[in-house]
>>> print(open('my_file20.pdb').read())   # PDB, C-alpha atoms and all ligand atoms
ATOM      1  CA  ARG A  53     -56.631-100.184-109.687
ATOM      2  CA  GLY A  54     -59.547 -99.014-111.721
ATOM      3  CA  GLY A  55     -61.732-101.644-113.181
ATOM      4  CA  THR A  56     -59.685-104.682-112.266
ATOM      5  CA  ALA A  57     -60.645-107.162-109.627
ATOM      6  CA  GLU A  58     -59.288-106.690-106.157
ATOM      7  CA  ARG A  59     -56.068-108.524-105.554
ATOM      8  CA  GLU A  60     -55.966-110.969-102.685
ATOM      9  CA  VAL A  61     -54.340-109.782 -99.451
ATOM     10  CA  PRO A  62     -51.280-112.047 -99.108
ATOM     11  CA  PHE A  63     -51.290-111.838 -95.316
ATOM     12  CA  ALA A  64     -54.807-113.236 -95.222
ATOM     13  CA  LYS A  65     -53.901-116.437 -97.037
ATOM     14  CA  PRO A  66     -53.879-119.551 -94.885
ATOM     15  CA  GLY A  67     -50.316-120.467 -94.085
ATOM     16  CA  SER A  68     -49.005-116.889 -94.345
ATOM     17  CA  LEU A  69     -45.892-116.691 -92.191
ATOM     18  CA  THR A  70     -46.164-112.929 -91.655
ATOM     19  CA  ARG A  71     -47.235-111.843 -88.187
ATOM     20  CA  VAL A  72     -49.493-108.836 -88.487
ATOM     21  CA  TYR A  73     -49.916-106.487 -85.530
ATOM     22  CA  ALA A  74     -52.502-103.727 -85.539
ATOM     23  CA  VAL A  75     -51.381-101.027 -83.106
ATOM     24  CA  ALA A  76     -54.418 -99.390 -81.537
ATOM     25  CA  SER A  77     -55.159 -96.742 -78.929
ATOM     26  CA  GLY A  78     -58.303 -95.251 -77.543
ATOM     27  CA  LYS A  79     -57.220 -91.673 -78.144
ATOM     28  CA  GLY A  80     -54.531 -89.714 -79.943
ATOM     29  CA  GLY A  81     -51.312 -88.443 -78.464
ATOM     30  CA  VAL A  82     -50.516 -91.466 -76.306
ATOM     31  CA  GLY A  83     -47.502 -92.406 -78.428
ATOM     32  CA  LYS A  84     -49.052 -95.092 -80.623
ATOM     33  CA  SER A  85     -47.096 -94.035 -83.714
ATOM     34  CA  SER A  86     -43.870 -93.647 -81.737
ATOM     35  CA  VAL A  87     -44.277 -97.166 -80.393
ATOM     36  CA  THR A  88     -45.054 -98.524 -83.868
ATOM     37  CA  ALA A  89     -42.035 -96.811 -85.454
ATOM     38  CA  ASN A  90     -39.639 -97.946 -82.735
ATOM     39  CA  LEU A  91     -40.899-101.523 -82.659
ATOM     40  CA  ALA A  92     -40.484-101.667 -86.438
ATOM     41  CA  ALA A  93     -36.945-100.263 -86.309
ATOM     42  CA  SER A  94     -36.019-102.578 -83.467
ATOM     43  CA  LEU A  95     -37.363-105.697 -85.218
ATOM     44  CA  ALA A  96     -35.614-104.737 -88.466
ATOM     45  CA  GLY A  97     -32.420-104.204 -86.457
ATOM     46  CA  GLN A  98     -32.757-107.801 -85.247
ATOM     47  CA  GLY A  99     -32.586-108.883 -88.867
ATOM     48  CA  LEU A 100     -36.296-109.442 -89.454
ATOM     49  CA  SER A 101     -38.045-108.332 -92.614
ATOM     50  CA  VAL A 102     -40.463-105.621 -91.459
ATOM     51  CA  GLY A 103     -43.168-103.466 -93.015
ATOM     52  CA  VAL A 104     -45.309-100.658 -91.617
ATOM     53  CA  VAL A 105     -48.648 -99.419 -92.910
ATOM     54  CA  ASP A 106     -49.441 -95.954 -91.587
ATOM     55  CA  ALA A 107     -53.228 -95.892 -91.607
ATOM     56  CA  ASP A 108     -53.496 -93.137 -88.989
ATOM     57  CA  ILE A 109     -55.438 -90.625 -91.045
ATOM     58  CA  TYR A 110     -55.120 -88.019 -88.302
ATOM     59  CA  GLY A 111     -51.390 -88.423 -87.918
ATOM     60  CA  PHE A 112     -49.428 -89.515 -90.991
ATOM     61  CA  SER A 113     -46.453 -89.321 -88.660
ATOM     62  CA  ILE A 114     -44.767 -92.651 -89.379
ATOM     63  CA  PRO A 115     -42.703 -91.541 -92.431
ATOM     64  CA  ARG A 116     -41.173 -88.651 -90.494
ATOM     65  CA  MET A 117     -40.506 -90.779 -87.427
ATOM     66  CA  LEU A 118     -38.754 -93.411 -89.525
ATOM     67  CA  GLY A 119     -36.880 -90.850 -91.618
ATOM     68  CA  VAL A 120     -38.456 -91.921 -94.905
ATOM     69  CA  GLU A 121     -37.003 -89.736 -97.658
ATOM     70  CA  HIS A 122     -38.411 -91.297-100.783
ATOM     71  CA  ARG A 123     -41.838 -91.667-102.233
ATOM     72  CA  PRO A 124     -43.360 -94.932-103.312
ATOM     73  CA  THR A 125     -42.740 -95.870-106.946
ATOM     74  CA  GLN A 126     -44.860 -97.883-109.296
ATOM     75  CA  VAL A 127     -43.537-100.954-111.077
ATOM     76  CA  ASP A 128     -46.063-102.561-113.394
ATOM     77  CA  ASP A 129     -49.205-102.512-111.307
ATOM     78  CA  MET A 130     -47.484-102.856-107.947
ATOM     79  CA  ILE A 131     -46.447-100.093-105.534
ATOM     80  CA  MET A 132     -42.848-100.308-104.309
ATOM     81  CA  PRO A 133     -42.644 -98.946-100.765
ATOM     82  CA  PRO A 134     -39.735 -96.718 -99.711
ATOM     83  CA  VAL A 135     -37.375 -98.286 -97.184
ATOM     84  CA  SER A 136     -35.784 -96.562 -94.197
ATOM     85  CA  HIS A 137     -33.753 -98.141 -91.388
ATOM     86  CA  GLY A 138     -34.544-101.443 -93.085
ATOM     87  CA  VAL A 139     -38.307-100.931 -92.711
ATOM     88  CA  LYS A 140     -40.658-100.840 -95.702
ATOM     89  CA  VAL A 141     -43.110 -97.998 -95.152
ATOM     90  CA  ILE A 142     -46.385 -97.050 -96.765
ATOM     91  CA  SER A 143     -48.421 -94.151 -95.437
ATOM     92  CA  ILE A 144     -51.838 -93.029 -96.428
ATOM     93  CA  GLY A 145     -50.300 -89.520 -96.306
ATOM     94  CA  MET A 146     -48.111 -90.420 -99.314
ATOM     95  CA  PHE A 147     -51.244 -90.550-101.457
ATOM     96  CA  VAL A 148     -53.030 -87.454-100.218
ATOM     97  CA  PRO A 149     -52.294 -84.583-102.623
ATOM     98  CA  GLY A 150     -50.223 -81.939-100.859
ATOM     99  CA  ASN A 151     -51.130 -83.550 -97.551
ATOM    100  CA  GLN A 152     -54.487 -81.798 -97.853
ATOM    101  CA  PRO A 153     -56.915 -82.644 -95.123
ATOM    102  CA  VAL A 154     -59.315 -85.266 -96.365
ATOM    103  CA  VAL A 155     -62.634 -86.205 -94.885
ATOM    104  CA  TRP A 156     -62.213 -89.943 -94.623
ATOM    105  CA  ARG A 157     -65.239 -92.115 -94.665
ATOM    106  CA  GLY A 158     -65.194 -95.739 -93.597
ATOM    107  CA  PRO A 159     -65.406 -97.227 -97.124
ATOM    108  CA  MET A 160     -62.548 -95.003 -98.401
ATOM    109  CA  LEU A 161     -60.326 -96.066 -95.574
ATOM    110  CA  HIS A 162     -61.246 -99.702 -96.065
ATOM    111  CA  ARG A 163     -60.375 -99.437 -99.769
ATOM    112  CA  ALA A 164     -57.076 -97.664 -99.031
ATOM    113  CA  LEU A 165     -56.128-100.308 -96.506
ATOM    114  CA  GLN A 166     -57.074-103.068 -98.928
ATOM    115  CA  GLN A 167     -54.777-101.533-101.554
ATOM    116  CA  PHE A 168     -51.921-101.043 -99.115
ATOM    117  CA  LEU A 169     -52.105-104.672 -98.112
ATOM    118  CA  ALA A 170     -52.632-106.188-101.560
ATOM    119  CA  ASP A 171     -51.074-103.816-104.123
ATOM    120  CA  VAL A 172     -47.840-102.948-102.316
ATOM    121  CA  PHE A 173     -44.877-105.169-103.062
ATOM    122  CA  TRP A 174     -44.013-106.238 -99.520
ATOM    123  CA  GLY A 175     -42.019-109.353-100.362
ATOM    124  CA  ASP A 176     -41.759-112.009 -97.666
ATOM    125  CA  LEU A 177     -42.301-110.085 -94.454
ATOM    126  CA  ASP A 178     -41.697-111.537 -91.017
ATOM    127  CA  VAL A 179     -43.694-108.762 -89.374
ATOM    128  CA  LEU A 180     -46.184-106.163 -90.600
ATOM    129  CA  LEU A 181     -47.240-103.390 -88.231
ATOM    130  CA  LEU A 182     -50.389-101.373 -88.887
ATOM    131  CA  ASP A 183     -50.584 -97.966 -87.237
ATOM    132  CA  LEU A 184     -54.326 -97.477 -86.827
ATOM    133  CA  PRO A 185     -56.144 -94.179 -86.282
ATOM    134  CA  PRO A 186     -56.999 -93.615 -82.616
ATOM    135  CA  GLY A 187     -60.369 -94.770 -81.372
ATOM    136  CA  THR A 188     -62.642 -97.627 -82.054
ATOM    137  CA  GLY A 189     -63.606 -96.741 -85.597
ATOM    138  CA  ASP A 190     -64.493 -98.783 -88.643
ATOM    139  CA  ILE A 191     -60.845 -99.352 -89.441
ATOM    140  CA  ALA A 192     -60.516-101.997 -86.737
ATOM    141  CA  ILE A 193     -63.370-103.880 -88.365
ATOM    142  CA  SER A 194     -61.663-103.446 -91.763
ATOM    143  CA  VAL A 195     -58.446-104.916 -90.401
ATOM    144  CA  ALA A 196     -60.349-107.894 -89.061
ATOM    145  CA  GLN A 197     -62.021-108.441 -92.431
ATOM    146  CA  LEU A 198     -58.865-107.969 -94.499
ATOM    147  CA  VAL A 199     -56.421-109.808 -92.220
ATOM    148  CA  PRO A 200     -58.372-112.101 -89.906
ATOM    149  CA  GLY A 201     -55.161-113.292 -88.254
ATOM    150  CA  ALA A 202     -54.004-109.797 -87.270
ATOM    151  CA  GLU A 203     -53.247-109.394 -83.579
ATOM    152  CA  ILE A 204     -54.035-106.229 -81.653
ATOM    153  CA  LEU A 205     -51.462-104.306 -79.639
ATOM    154  CA  VAL A 206     -53.044-101.710 -77.355
ATOM    155  CA  VAL A 207     -51.112 -98.572 -76.381
ATOM    156  CA  THR A 208     -52.199 -96.451 -73.430
ATOM    157  CA  THR A 209     -50.823 -93.982 -70.911
ATOM    158  CA  PRO A 210     -51.091 -94.577 -67.153
ATOM    159  CA  GLN A 211     -53.928 -92.073 -66.931
ATOM    160  CA  GLN A 212     -57.323 -93.352 -65.892
ATOM    161  CA  ALA A 213     -59.241 -91.733 -68.754
ATOM    162  CA  ALA A 214     -56.748 -92.977 -71.342
ATOM    163  CA  ALA A 215     -56.973 -96.445 -69.838
ATOM    164  CA  GLU A 216     -60.734 -96.475 -70.147
ATOM    165  CA  VAL A 217     -60.716 -95.553 -73.817
ATOM    166  CA  ALA A 218     -57.904 -98.003 -74.523
ATOM    167  CA  GLU A 219     -60.049-100.698 -72.985
ATOM    168  CA  ARG A 220     -62.858 -99.852 -75.350
ATOM    169  CA  ALA A 221     -60.405-100.082 -78.262
ATOM    170  CA  GLY A 222     -59.465-103.525 -77.055
ATOM    171  CA  SER A 223     -63.055-104.625 -76.733
ATOM    172  CA  ILE A 224     -63.455-104.192 -80.504
ATOM    173  CA  ALA A 225     -61.035-107.099 -80.810
ATOM    174  CA  LEU A 226     -63.478-109.177 -78.813
ATOM    175  CA  GLN A 227     -66.223-108.543 -81.320
ATOM    176  CA  THR A 228     -63.939-109.343 -84.243
ATOM    177  CA  HIS A 229     -62.427-112.410 -82.523
ATOM    178  CA  GLN A 230     -58.901-111.082 -82.909
ATOM    179  CA  ARG A 231     -56.170-111.966 -80.465
ATOM    180  CA  ILE A 232     -54.954-109.122 -78.270
ATOM    181  CA  VAL A 233     -51.229-109.655 -78.007
ATOM    182  CA  GLY A 234     -50.843-107.263 -75.083
ATOM    183  CA  VAL A 235     -50.815-103.749 -73.707
ATOM    184  CA  VAL A 236     -47.991-101.216 -73.855
ATOM    185  CA  GLU A 237     -48.014 -98.388 -71.322
ATOM    186  CA  ASN A 238     -46.244 -95.280 -72.607
ATOM    187  CA  MET A 239     -45.231 -92.093 -70.784
ATOM    188  CA  SER A 240     -45.164 -94.133 -67.575
ATOM    189  CA  TRP A 241     -42.863 -91.854 -65.609
ATOM    190  CA  LEU A 242     -40.134 -89.257 -65.866
ATOM    191  CA  GLN A 243     -36.790 -90.195 -64.400
ATOM    192  CA  LEU A 244     -35.513 -87.297 -62.269
ATOM    193  CA  PRO A 245     -31.801 -86.476 -61.921
ATOM    194  CA  ASP A 246     -31.786 -87.919 -58.377
ATOM    195  CA  GLY A 247     -32.929 -91.268 -59.787
ATOM    196  CA  SER A 248     -36.492 -91.055 -58.529
ATOM    197  CA  ARG A 249     -39.504 -91.380 -60.813
ATOM    198  CA  GLU A 250     -42.142 -88.742 -61.217
ATOM    199  CA  GLU A 251     -45.391 -90.301 -62.414
ATOM    200  CA  ILE A 252     -46.661 -87.334 -64.378
ATOM    201  CA  PHE A 253     -49.702 -89.099 -65.795
ATOM    202  CA  GLY A 254     -50.484 -91.167 -62.709
ATOM    203  CA  SER A 255     -49.925 -94.876 -62.518
ATOM    204  CA  GLY A 256     -51.574 -98.208 -63.113
ATOM    205  CA  GLY A 257     -53.353 -97.501 -66.407
ATOM    206  CA  GLY A 258     -51.509-100.138 -68.411
ATOM    207  CA  ARG A 259     -52.003-102.845 -65.812
ATOM    208  CA  GLU A 260     -55.672-101.961 -65.462
ATOM    209  CA  VAL A 261     -56.261-102.229 -69.197
ATOM    210  CA  ALA A 262     -54.389-105.548 -69.353
ATOM    211  CA  GLU A 263     -56.339-106.996 -66.428
ATOM    212  CA  SER A 264     -59.643-105.777 -67.688
ATOM    213  CA  LEU A 265     -59.018-107.136 -71.191
ATOM    214  CA  THR A 266     -57.858-110.435 -69.693
ATOM    215  CA  ARG A 267     -61.176-110.698 -67.872
ATOM    216  CA  SER A 268     -63.230-109.788 -70.901
ATOM    217  CA  VAL A 269     -61.490-112.039 -73.450
ATOM    218  CA  GLY A 270     -60.960-114.881 -71.004
ATOM    219  CA  ALA A 271     -57.331-115.248 -72.095
ATOM    220  CA  ASP A 272     -54.155-113.746 -70.744
ATOM    221  CA  VAL A 273     -53.554-110.220 -72.067
ATOM    222  CA  PRO A 274     -50.139-109.250 -70.680
ATOM    223  CA  LEU A 275     -48.744-105.815 -69.927
ATOM    224  CA  LEU A 276     -45.843-106.045 -72.383
ATOM    225  CA  GLY A 277     -43.889-103.131 -71.004
ATOM    226  CA  GLN A 278     -43.753 -99.594 -69.652
ATOM    227  CA  ILE A 279     -41.957 -96.852 -71.548
ATOM    228  CA  PRO A 280     -40.769 -93.794 -69.619
ATOM    229  CA  LEU A 281     -41.068 -90.236 -70.848
ATOM    230  CA  ASP A 282     -37.804 -89.301 -72.499
ATOM    231  CA  THR A 283     -36.882 -86.236 -74.522
ATOM    232  CA  ARG A 284     -34.556 -88.411 -76.602
ATOM    233  CA  LEU A 285     -37.547 -90.434 -77.798
ATOM    234  CA  ARG A 286     -39.353 -87.314 -78.938
ATOM    235  CA  VAL A 287     -36.271 -85.812 -80.602
ATOM    236  CA  GLY A 288     -35.511 -89.107 -82.346
ATOM    237  CA  SER A 289     -39.045 -89.185 -83.735
ATOM    238  CA  ASP A 290     -38.763 -85.590 -84.938
ATOM    239  CA  GLU A 291     -35.448 -86.290 -86.623
ATOM    240  CA  GLY A 292     -36.283 -89.600 -88.244
ATOM    241  CA  MET A 293     -33.882 -91.581 -86.089
ATOM    242  CA  PRO A 294     -35.900 -93.854 -83.768
ATOM    243  CA  VAL A 295     -34.553 -93.827 -80.208
ATOM    244  CA  VAL A 296     -33.967 -97.597 -80.309
ATOM    245  CA  LEU A 297     -31.349 -96.969 -83.022
ATOM    246  CA  GLY A 298     -30.073 -93.477 -82.184
ATOM    247  CA  GLU A 299     -29.915 -93.682 -78.373
ATOM    248  CA  PRO A 300     -29.944 -97.402 -77.626
ATOM    249  CA  ASP A 301     -28.797 -96.858 -74.026
ATOM    250  CA  ALA A 302     -31.777 -94.671 -73.115
ATOM    251  CA  PRO A 303     -34.179 -96.478 -70.757
ATOM    252  CA  ALA A 304     -37.041 -95.775 -73.165
ATOM    253  CA  ALA A 305     -35.067 -97.514 -75.929
ATOM    254  CA  ALA A 306     -34.381-100.503 -73.691
ATOM    255  CA  ALA A 307     -38.082-100.791 -72.830
ATOM    256  CA  LEU A 308     -39.079-100.659 -76.504
ATOM    257  CA  ARG A 309     -36.431-103.228 -77.423
ATOM    258  CA  ASP A 310     -37.699-105.612 -74.747
ATOM    259  CA  ILE A 311     -41.250-105.232 -76.030
ATOM    260  CA  ALA A 312     -40.108-105.928 -79.600
ATOM    261  CA  THR A 313     -38.174-109.005 -78.499
ATOM    262  CA  GLY A 314     -41.186-110.324 -76.612
ATOM    263  CA  LEU A 315     -43.592-110.056 -79.550
TER     264      LEU A 315
HETATM  265  P1  LIG B   1     -50.090 -90.960 -81.223
HETATM  266  O1  LIG B   1     -49.614 -91.783 -82.375
HETATM  267  O2  LIG B   1     -50.691 -91.807 -80.130
HETATM  268  O3  LIG B   1     -50.954 -89.819 -81.604
HETATM  269  P2  LIG B   1     -47.346 -89.988 -81.136
HETATM  270  O4  LIG B   1     -46.555 -91.236 -81.236
HETATM  271  O5  LIG B   1     -47.507 -89.149 -82.360
HETATM  272  O6  LIG B   1     -48.803 -90.314 -80.527
HETATM  273  O7  LIG B   1     -46.746 -89.138 -79.928
HETATM  274  C1  LIG B   1     -47.213 -87.844 -79.627
HETATM  275  C2  LIG B   1     -46.024 -86.962 -79.254
HETATM  276  O8  LIG B   1     -45.467 -87.413 -78.023
HETATM  277  C3  LIG B   1     -44.888 -87.013 -80.267
HETATM  278  O9  LIG B   1     -44.298 -85.758 -80.349
HETATM  279  C4  LIG B   1     -43.909 -88.014 -79.671
HETATM  280  O10 LIG B   1     -42.575 -87.777 -80.073
HETATM  281  C5  LIG B   1     -44.098 -87.761 -78.188
HETATM  282  N1  LIG B   1     -43.844 -88.949 -77.353
HETATM  283  C6  LIG B   1     -44.439 -90.154 -77.445
HETATM  284  N2  LIG B   1     -43.990 -90.993 -76.499
HETATM  285  C7  LIG B   1     -43.066 -90.307 -75.773
HETATM  286  C8  LIG B   1     -42.209 -90.618 -74.652
HETATM  287  N3  LIG B   1     -42.236 -91.823 -74.060
HETATM  288  N4  LIG B   1     -41.376 -89.639 -74.208
HETATM  289  C9  LIG B   1     -41.342 -88.423 -74.797
HETATM  290  N5  LIG B   1     -42.106 -88.058 -75.835
HETATM  291  C10 LIG B   1     -42.971 -88.992 -76.329
END
>>> encode(input="my_file20.pdb", output="structure tokens", more="lines below")
Ligand code: ADP
Amino acid sequence: RGGTAEREVPFAKPGSLTRVYAVASGKGGVGKSSVTANLAASLAGQGLSVGVVDADIYGFSIPRMLGVEHRPTQVDDMIMPPVSHGVKVISIGMFVPGNQPVVWRGPMLHRALQQFLADVFWGDLDVLLLDLPPGTGDIAISVAQLVPGAEILVVTTPQQAAAEVAERAGSIALQTHQRIVGVVENMSWLQLPDGSREEIFGSGGGREVAESLTRSVGADVPLLGQIPLDTRLRVGSDEGMPVVLGEPDAPAAAALRDIATGL
């Protein structure tokens, strides 16, 4: 909004009833966006008013995962977000011309996030989920500045290396004094036809991150759940029908639903 003063971020006002969760991971490809999209769809399915900000500049995958078919529109000087499966969605990819790769610098991302939070007509949200870029970049600091009450949700795989980087992502929250709501372990195992579980990426990563963060923040950081590998989750994401809605009986859907209910 050229020239005009920055609008206040409604979620930062004292007394805001919107719970804001910043979904973070140490590295890409662990399923952070899939978790965000499914939690959003699940919460909206419970009747809550839900919004998602896709700030993952390397991914832009949230609109596809949630089956968003429309573009944002402008009404007066506010941006109206498209809605899919009852979730209001804004993605930084919706504003990048032709989805051209952009070299994002910290201040640009901060400004984009500020606009997404303040200039989008969200209405009265119960829950706002922010899909952050992977890693411990400036964006986590921006979130803390723009929405001091935002809580961090850490996504990891069971793998040792992924757990270590996830832990570092969580330690940013320490510096910014944000509450870490918990850890989600994704890709925990593959259920074989005989009923046994193959732990493709090892085991224990989620619990390790939760325990280590608990020690470092001095408050309980729970392991909120473990999500198995499931082709139906991946297909649902590719087709814009989140597994929690399209295949609610899949174990991965049940795990995601339980995590959403526990938030
Ligand atoms: P990130 O946001 O961490 O980069 P994504 O959510 O984009 O990761 O997931 C990466 C890929 O892995 C996607 O194709 C997604 O559909 C797939 N995926 C994520 N979690 C699972 C799972 N539990 N089972 C099967 N495929 C998954």
>>> resolve_selection(input="my_file20.pdb", expression="the PyMOL selection byres (((chain A and resi 165) around 10) and not hetatm)", output="short mmCIF file (atom, residue, chain, number, x, y, z; two decimals) with C-alpha atoms, keeping the file's coordinate frame")
data_model
loop_
_atom_site.label_atom_id
_atom_site.label_comp_id
_atom_site.auth_asym_id
_atom_site.auth_seq_id
_atom_site.Cartn_x
_atom_site.Cartn_y
_atom_site.Cartn_z
CA VAL A 105 -48.65 -99.42 -92.91
CA ASP A 106 -49.44 -95.95 -91.59
CA ALA A 107 -53.23 -95.89 -91.61
CA SER A 143 -48.42 -94.15 -95.44
CA ILE A 144 -51.84 -93.03 -96.43
CA PRO A 159 -65.41 -97.23 -97.12
CA MET A 160 -62.55 -95.00 -98.40
CA LEU A 161 -60.33 -96.07 -95.57
CA HIS A 162 -61.25 -99.70 -96.06
CA ARG A 163 -60.38 -99.44 -99.77
CA ALA A 164 -57.08 -97.66 -99.03
CA GLN A 166 -57.07 -103.07 -98.93
CA GLN A 167 -54.78 -101.53 -101.55
CA PHE A 168 -51.92 -101.04 -99.12
CA LEU A 169 -52.10 -104.67 -98.11
CA ALA A 170 -52.63 -106.19 -101.56
CA ASP A 171 -51.07 -103.82 -104.12
CA LEU A 182 -50.39 -101.37 -88.89
CA ILE A 191 -60.84 -99.35 -89.44
CA SER A 194 -61.66 -103.45 -91.76
CA VAL A 195 -58.45 -104.92 -90.40
CA LEU A 198 -58.86 -107.97 -94.50
#
>>> residues_near_ligand(input="my_file20.pdb", ligand="ligand LIG 1 (chain B)", cutoff="9 Å", atoms="only C-alpha atoms and all ligand atoms", output="PyMOL selection string")
chain A and resi 76-89+108+110-114+117+183-186+207-208+238-242+279-290+304
>>> atom_distance(input="my_file20.pdb", atom1="atom CA of A:Arg249", atom2="atom CA of A:Leu95")
28.4 Å
>>> closest_residue(input="my_file20.pdb", among="A:Val235, A:Val104, A:Ala225, A:Val296", to="A:Gln197", atoms="only C-alpha atoms")
A:Ala225
>>> residues_around(input="my_file20.pdb", residues="A:Ser223", least_positions_apart="3", cutoff="9 Å", atoms="only C-alpha atoms", output="list in words")
Thr188, Ala218, Glu219, Arg220, Leu226, Gln227, Thr228, Leu265, Ser268 and Val269 of chain A
>>> residues_around(input="my_file20.pdb", residues="A:Asp310", least_positions_apart="6", cutoff="12 Å", atoms="all atoms listed in the file", output="tab-separated table (two decimals) with C-alpha atoms, in the coordinates of the input")
chain	number	residue	atom	x	y	z
A	90	ASN	CA	-39.64	-97.95	-82.74
A	91	LEU	CA	-40.90	-101.52	-82.66
A	94	SER	CA	-36.02	-102.58	-83.47
A	95	LEU	CA	-37.36	-105.70	-85.22
A	98	GLN	CA	-32.76	-107.80	-85.25
A	236	VAL	CA	-47.99	-101.22	-73.86
A	276	LEU	CA	-45.84	-106.04	-72.38
A	277	GLY	CA	-43.89	-103.13	-71.00
A	278	GLN	CA	-43.75	-99.59	-69.65
A	279	ILE	CA	-41.96	-96.85	-71.55
A	296	VAL	CA	-33.97	-97.60	-80.31
A	300	PRO	CA	-29.94	-97.40	-77.63
A	303	PRO	CA	-34.18	-96.48	-70.76
A	304	ALA	CA	-37.04	-95.78	-73.17
>>> build_atoms(input="my_file20.pdb", residues="stretch 128-140 of chain A", atoms="N, CA and C atoms", output="PDB file, in the frame of the given file")
ATOM      1  N   ASP A 128     -44.885-101.874-112.845  1.00  0.00           N
ATOM      2  CA  ASP A 128     -46.063-102.561-113.394  1.00  0.00           C
ATOM      3  C   ASP A 128     -47.290-102.090-112.605  1.00  0.00           C
ATOM      4  N   ASP A 129     -48.046-103.000-112.067  1.00  0.00           N
ATOM      5  CA  ASP A 129     -49.205-102.512-111.307  1.00  0.00           C
ATOM      6  C   ASP A 129     -49.023-102.696-109.810  1.00  0.00           C
ATOM      7  N   MET A 130     -47.745-102.751-109.386  1.00  0.00           N
ATOM      8  CA  MET A 130     -47.484-102.856-107.947  1.00  0.00           C
ATOM      9  C   MET A 130     -46.840-101.561-107.440  1.00  0.00           C
ATOM     10  N   ILE A 131     -47.065-101.258-106.179  1.00  0.00           N
ATOM     11  CA  ILE A 131     -46.447-100.093-105.534  1.00  0.00           C
ATOM     12  C   ILE A 131     -45.225-100.573-104.758  1.00  0.00           C
ATOM     13  N   MET A 132     -44.067 -99.958-105.052  1.00  0.00           N
ATOM     14  CA  MET A 132     -42.848-100.308-104.309  1.00  0.00           C
ATOM     15  C   MET A 132     -42.713 -99.342-103.134  1.00  0.00           C
ATOM     16  N   PRO A 133     -42.715 -99.848-101.912  1.00  0.00           N
ATOM     17  CA  PRO A 133     -42.644 -98.946-100.765  1.00  0.00           C
ATOM     18  C   PRO A 133     -41.224 -98.428-100.540  1.00  0.00           C
ATOM     19  N   PRO A 134     -41.068 -97.170-100.114  1.00  0.00           N
ATOM     20  CA  PRO A 134     -39.735 -96.718 -99.711  1.00  0.00           C
ATOM     21  C   PRO A 134     -39.274 -97.489 -98.476  1.00  0.00           C
ATOM     22  N   VAL A 135     -37.958 -97.549 -98.309  1.00  0.00           N
ATOM     23  CA  VAL A 135     -37.375 -98.286 -97.184  1.00  0.00           C
ATOM     24  C   VAL A 135     -36.508 -97.335 -96.374  1.00  0.00           C
ATOM     25  N   SER A 136     -36.653 -97.365 -95.060  1.00  0.00           N
ATOM     26  CA  SER A 136     -35.784 -96.562 -94.197  1.00  0.00           C
ATOM     27  C   SER A 136     -35.457 -97.367 -92.939  1.00  0.00           C
ATOM     28  N   HIS A 137     -34.217 -97.322 -92.517  1.00  0.00           N
ATOM     29  CA  HIS A 137     -33.753 -98.141 -91.388  1.00  0.00           C
ATOM     30  C   HIS A 137     -34.163 -99.600 -91.572  1.00  0.00           C
ATOM     31  N   GLY A 138     -34.201-100.050 -92.805  1.00  0.00           N
ATOM     32  CA  GLY A 138     -34.544-101.443 -93.085  1.00  0.00           C
ATOM     33  C   GLY A 138     -36.025-101.756 -93.018  1.00  0.00           C
ATOM     34  N   VAL A 139     -36.856-100.719 -92.839  1.00  0.00           N
ATOM     35  CA  VAL A 139     -38.307-100.931 -92.711  1.00  0.00           C
ATOM     36  C   VAL A 139     -39.002-100.434 -93.974  1.00  0.00           C
ATOM     37  N   LYS A 140     -39.843-101.272 -94.565  1.00  0.00           N
ATOM     38  CA  LYS A 140     -40.658-100.840 -95.702  1.00  0.00           C
ATOM     39  C   LYS A 140     -41.857-100.068 -95.161  1.00  0.00           C
TER      40      LYS A 140
END
